[in-house]
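Written out below as structure tokens is the structure these notes cover.
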Amino acid sequence: MSVPTGIRPLATALLFATTPAMGAAAPLAGRIVLVAQGEALRSDEVRHAVVYFKPHMPADVRPLPRAPEIHMRRKEFVPRVVAVTVGSTVRFPNSDPILHNVFSVSGANAFDLGLYPEGPGKAATFRHPGLVRVFCNVHHDMVAYVLVLDTPYFVAPDADGAFVLADLPETAGLLVVWHERAAPWSKELQPPAPDTLVVQLQVSKPLVPLHPDKNGKPYANATADKSYR
């Protein structure tokens with residue numbers, strides 16, 4: 001099957017091991033709601049969430065056969081969030097007529113692609129599980145996230161927060177819902193999976209976090225975005 005270039009809604013985003021070692025159970029359907037200041041967030045930011053299931057019995061995890069792409073377009077990363085399996089490569093094309101410098105200082109997955117102009121861009125390979133915070137060394141407000149997973153069972157919700165995880169293994173494991181602006185939510189699951197699940201995430205983090213450049217120095221005129229809507 002073809003692999004999407006970013007996280008797509010619902011079934012089109014499901015990425016599974018080619019030959020699971022465990023029997024398949026019923027799909028898990030649910031909905032994610034972002035809450036800020038006691039009210040549901042009025043935006044489609046929920047689509048930047050990632051829902052993933054980590055079975056206690058290790059699954060067959062392989063790098064994606066095709067590299068997802070995070071474009072730099074109008075001084076933004078598009079898409080803003082991509083989930084991949086360990087060992088996968090992500091490409092960063094530059095769709096702007098200006099220079100960008102994509103980098104991350106996220107532990108073992110740190111990288112620096114240097115300055116480069118408009119074109120097909122450069123790529124980075126992520127060999128360790130964890131969250132990779134991606135920035136541009138030229139533009140402080142450019143932020144993206146690569147969630148590197150050691151499980152093949154993950155999906156992104158649609159713009160209304162609905163998601164479906166199909167063909168989950170019939171075994172116990174940990175279900176996690178991640179969003180860039182909230183603390184991760186997790187729940188132990190035992191088969192059979194529940195019919196439906198509603199997860200509320202409390203928005204507590206700014207859309208653009210204040211961060212240094214790749215050399216650990218402050219950006220000129222950079223301020224944290226503290227908006228929650």
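Chain labels run A, B, ... following the order of the structure tokens; each chain numbers its residues from 1, and ligands are numbered from 1 in the order shown.
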Note to self: Taking 6 positions as the minimum chain separation for residues in the same chain, which residues sit within 8 Å of A:Trp178 when counting only C-alpha atoms? Answer as a ChimeraX atom specification.
What the structure shows: /A:49-51,184-185
Would you save the residues from that selection as a PDB file, in the first residue's frame, using N, CA and C atoms?
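In the end it all went to again_12.pdb:
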```pdb
ATOM      1  N   ALA A  49      -3.138  16.313  16.550  1.00  0.00           N
ATOM      2  CA  ALA A  49      -2.932  15.270  17.555  1.00  0.00           C
ATOM      3  C   ALA A  49      -2.458  13.976  16.884  1.00  0.00           C
ATOM      4  N   VAL A  50      -1.896  13.092  17.688  1.00  0.00           N
ATOM      5  CA  VAL A  50      -1.539  11.746  17.250  1.00  0.00           C
ATOM      6  C   VAL A  50      -2.054  10.764  18.288  1.00  0.00           C
ATOM      7  N   VAL A  51      -2.750   9.732  17.828  1.00  0.00           N
ATOM      8  CA  VAL A  51      -3.232   8.660  18.698  1.00  0.00           C
ATOM      9  C   VAL A  51      -2.417   7.414  18.366  1.00  0.00           C
ATOM     10  N   PRO A 184       0.362  14.830  27.467  1.00  0.00           N
ATOM     11  CA  PRO A 184      -0.110  13.579  26.867  1.00  0.00           C
ATOM     12  C   PRO A 184      -1.132  12.877  27.762  1.00  0.00           C
ATOM     13  N   TRP A 185      -2.097  12.253  27.124  1.00  0.00           N
ATOM     14  CA  TRP A 185      -3.117  11.453  27.804  1.00  0.00           C
ATOM     15  C   TRP A 185      -2.817   9.993  27.518  1.00  0.00           C
TER      16      TRP A 185
END
```
Which residues of stretch 131-201 of chain A come within 7 Å of stretch 103-124 of chain A, and for each one, what is the closest pair of atoms and their distance in Å to one decimal, counting only C-alpha atoms, sorted by chain and residue number, as a tab-separated table?
```
residue	atom	partner	partner_atom	distance
A:Val132	CA	A:Ser106	CA	5.4
A:Arg133	CA	A:Ser104	CA	5.9
A:Val134	CA	A:Ser104	CA	4.9
A:Phe135	CA	A:Phe103	CA	5.6
A:Cys136	CA	A:Phe103	CA	6.2
A:Asn137	CA	A:Phe103	CA	7.0
```
Next item on the list: as a VMD selection string, list the residues of chain A assigned to strand (DSSP E) by DSSP on the backbone atoms of this structure.
Entry: chain A and resid 28 to 36 39 to 40 50 to 55 71 to 73 76 to 78 81 to 85 88 to 94 100 to 104 111 to 116 119 to 126 130 to 136 143 to 149 153 to 155 162 to 165 173 to 178 185 to 189 196 to 202
Generate a file of the selected residues that holds C-alpha atoms, formatted as a short mmCIF file (atom, residue, chain, number, x, y, z; two decimals), in the first residue's frame.
```
data_model
loop_
_atom_site.label_atom_id
_atom_site.label_comp_id
_atom_site.auth_asym_id
_atom_site.auth_seq_id
_atom_site.Cartn_x
_atom_site.Cartn_y
_atom_site.Cartn_z
CA LEU A 28 -11.05 1.50 18.28
CA ALA A 29 -13.05 4.62 17.46
CA GLY A 30 -13.02 7.84 19.42
CA ARG A 31 -12.99 11.60 19.48
CA ILE A 32 -10.54 14.15 20.88
CA VAL A 33 -11.69 17.48 22.30
CA LEU A 34 -9.29 20.34 23.04
CA VAL A 35 -10.36 22.45 26.01
CA ALA A 36 -9.07 25.93 26.88
CA GLU A 39 -14.49 25.73 26.83
CA ALA A 40 -13.91 23.60 23.73
CA VAL A 50 -1.54 11.75 17.25
CA VAL A 51 -3.23 8.66 18.70
CA TYR A 52 -1.05 5.60 19.08
CA PHE A 53 -1.19 2.16 20.71
CA LYS A 54 1.86 0.41 22.20
CA PRO A 55 1.17 -3.30 22.81
CA HIS A 71 7.19 21.70 3.48
CA MET A 72 8.34 25.19 4.33
CA ARG A 73 5.65 27.39 2.84
CA GLU A 76 5.37 27.89 8.08
CA PHE A 77 5.96 24.16 8.33
CA VAL A 78 3.22 22.23 6.50
CA VAL A 81 2.99 17.43 12.85
CA VAL A 82 4.15 14.15 11.34
CA ALA A 83 4.30 10.75 13.04
CA VAL A 84 6.77 8.14 11.79
CA THR A 85 8.19 4.81 12.88
CA SER A 88 12.13 6.55 9.02
CA THR A 89 13.32 9.54 7.01
CA VAL A 90 11.50 12.89 6.71
CA ARG A 91 12.21 15.35 3.88
CA PHE A 92 11.97 19.13 4.30
CA PRO A 93 11.35 20.80 0.90
CA ASN A 94 11.66 24.59 0.73
CA HIS A 100 15.56 28.42 5.54
CA ASN A 101 17.65 26.42 8.02
CA VAL A 102 15.80 23.42 9.51
CA PHE A 103 17.24 22.08 12.76
CA SER A 104 16.45 20.30 16.01
CA PHE A 111 20.04 17.44 13.30
CA ASP A 112 20.97 20.57 11.36
CA LEU A 113 20.27 20.77 7.62
CA GLY A 114 21.95 24.15 7.17
CA LEU A 115 20.78 27.05 5.01
CA TYR A 116 19.27 26.11 1.66
CA GLY A 119 13.79 23.41 -4.02
CA PRO A 120 13.43 19.73 -3.06
CA GLY A 121 15.21 20.38 0.22
CA LYS A 122 17.09 18.00 2.49
CA ALA A 123 16.16 15.06 4.70
CA ALA A 124 16.79 13.75 8.21
CA THR A 125 16.53 10.16 9.47
CA PHE A 126 15.21 9.47 12.97
CA GLY A 130 10.71 10.28 21.02
CA LEU A 131 9.44 13.75 20.21
CA VAL A 132 11.54 15.85 17.84
CA ARG A 133 10.94 19.61 18.02
CA VAL A 134 11.79 21.18 14.67
CA PHE A 135 12.59 24.87 14.13
CA CYS A 136 14.04 27.23 11.53
CA VAL A 143 7.63 25.23 14.56
CA ALA A 144 6.99 21.59 13.63
CA TYR A 145 7.03 18.24 15.42
CA VAL A 146 8.10 14.76 14.36
CA LEU A 147 6.80 12.06 16.68
CA VAL A 148 9.06 9.02 16.28
CA LEU A 149 7.23 5.89 17.42
CA TYR A 153 -0.30 1.48 15.26
CA PHE A 154 -1.07 5.19 15.00
CA VAL A 155 -3.44 7.67 13.42
CA ALA A 162 -12.74 11.89 15.26
CA PHE A 163 -10.33 8.98 14.80
CA VAL A 164 -10.34 5.24 14.13
CA LEU A 165 -7.53 2.83 14.95
CA GLY A 173 -1.15 -2.25 25.78
CA LEU A 174 -0.98 1.49 26.34
CA LEU A 175 -3.12 3.94 24.35
CA VAL A 176 -1.63 7.45 24.13
CA VAL A 177 -3.05 10.69 22.76
CA TRP A 178 -0.43 13.36 22.08
CA TRP A 185 -3.12 11.45 27.80
CA SER A 186 -2.71 7.71 28.29
CA LYS A 187 -4.82 4.71 29.27
CA GLU A 188 -4.11 1.02 29.73
CA LEU A 189 -6.25 -1.07 27.36
CA THR A 196 -16.05 4.48 21.61
CA LEU A 197 -13.70 6.74 23.50
CA VAL A 198 -13.85 10.49 24.22
CA VAL A 199 -10.61 12.18 25.30
CA GLN A 200 -10.44 15.76 26.57
CA LEU A 201 -7.06 17.51 26.42
CA GLN A 202 -6.47 20.70 28.38
#
```
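From atom CA of A:Arg80 back to atom CA of A:Arg47, the distance works out to 9.8 Å.
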Residues of stretch 138-182 of chain A at most 9 Å from stretch 205-226 of chain A: nearest atom pair and distance in Å, only C-alpha atoms, as a tab-separated table:
```
residue	atom	partner	partner_atom	distance
A:Val138	CA	A:Asp213	CA	8.2
A:His139	CA	A:Tyr219	CA	8.1
A:His140	CA	A:Tyr219	CA	6.4
A:Asp141	CA	A:Val208	CA	6.0
A:Met142	CA	A:Val208	CA	7.8
A:Val143	CA	A:Val208	CA	6.8
A:Glu180	CA	A:Lys205	CA	7.6
A:Arg181	CA	A:Lys205	CA	4.5
A:Ala182	CA	A:Lys205	CA	6.3
```
Next item on the list: Within stretch 21-226 of chain A, find each residue whose DSSP state, derived from the backbone, is helix (DSSP H, G or I), and express the selection as a ChimeraX atom specification.
Entry: /A:45-48,107-109
Next item on the list: Just give me the gap between atom CA of A:Arg42 and atom CA of A:Val203 in Å, one decimal is fine.
Entry: 11.9 Å
Next item on the list: Pick out the closest residue to A:Asp60 from this set: A:Asp158, A:Asp96, A:Asp44, A:Asp150. Count only C-alpha atoms.
Entry: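 Selected residue with least distance to A:Asp60: A:Asp150.
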Note to self: Taking only C-alpha atoms into account, name the residue in A:Val46, A:Pro152, A:Gln37, A:Glu69 that is nearest to A:Val86.
What the structure shows: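 Comparing A:Val46, A:Pro152, A:Gln37, A:Glu69 against A:Val86, the winner is A:Pro152.
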Next item on the list: Record the distance separating atom CA of A:Met57 and atom CA of A:Asp195, expressed in Å with one decimal.
Entry: 22.5 Å
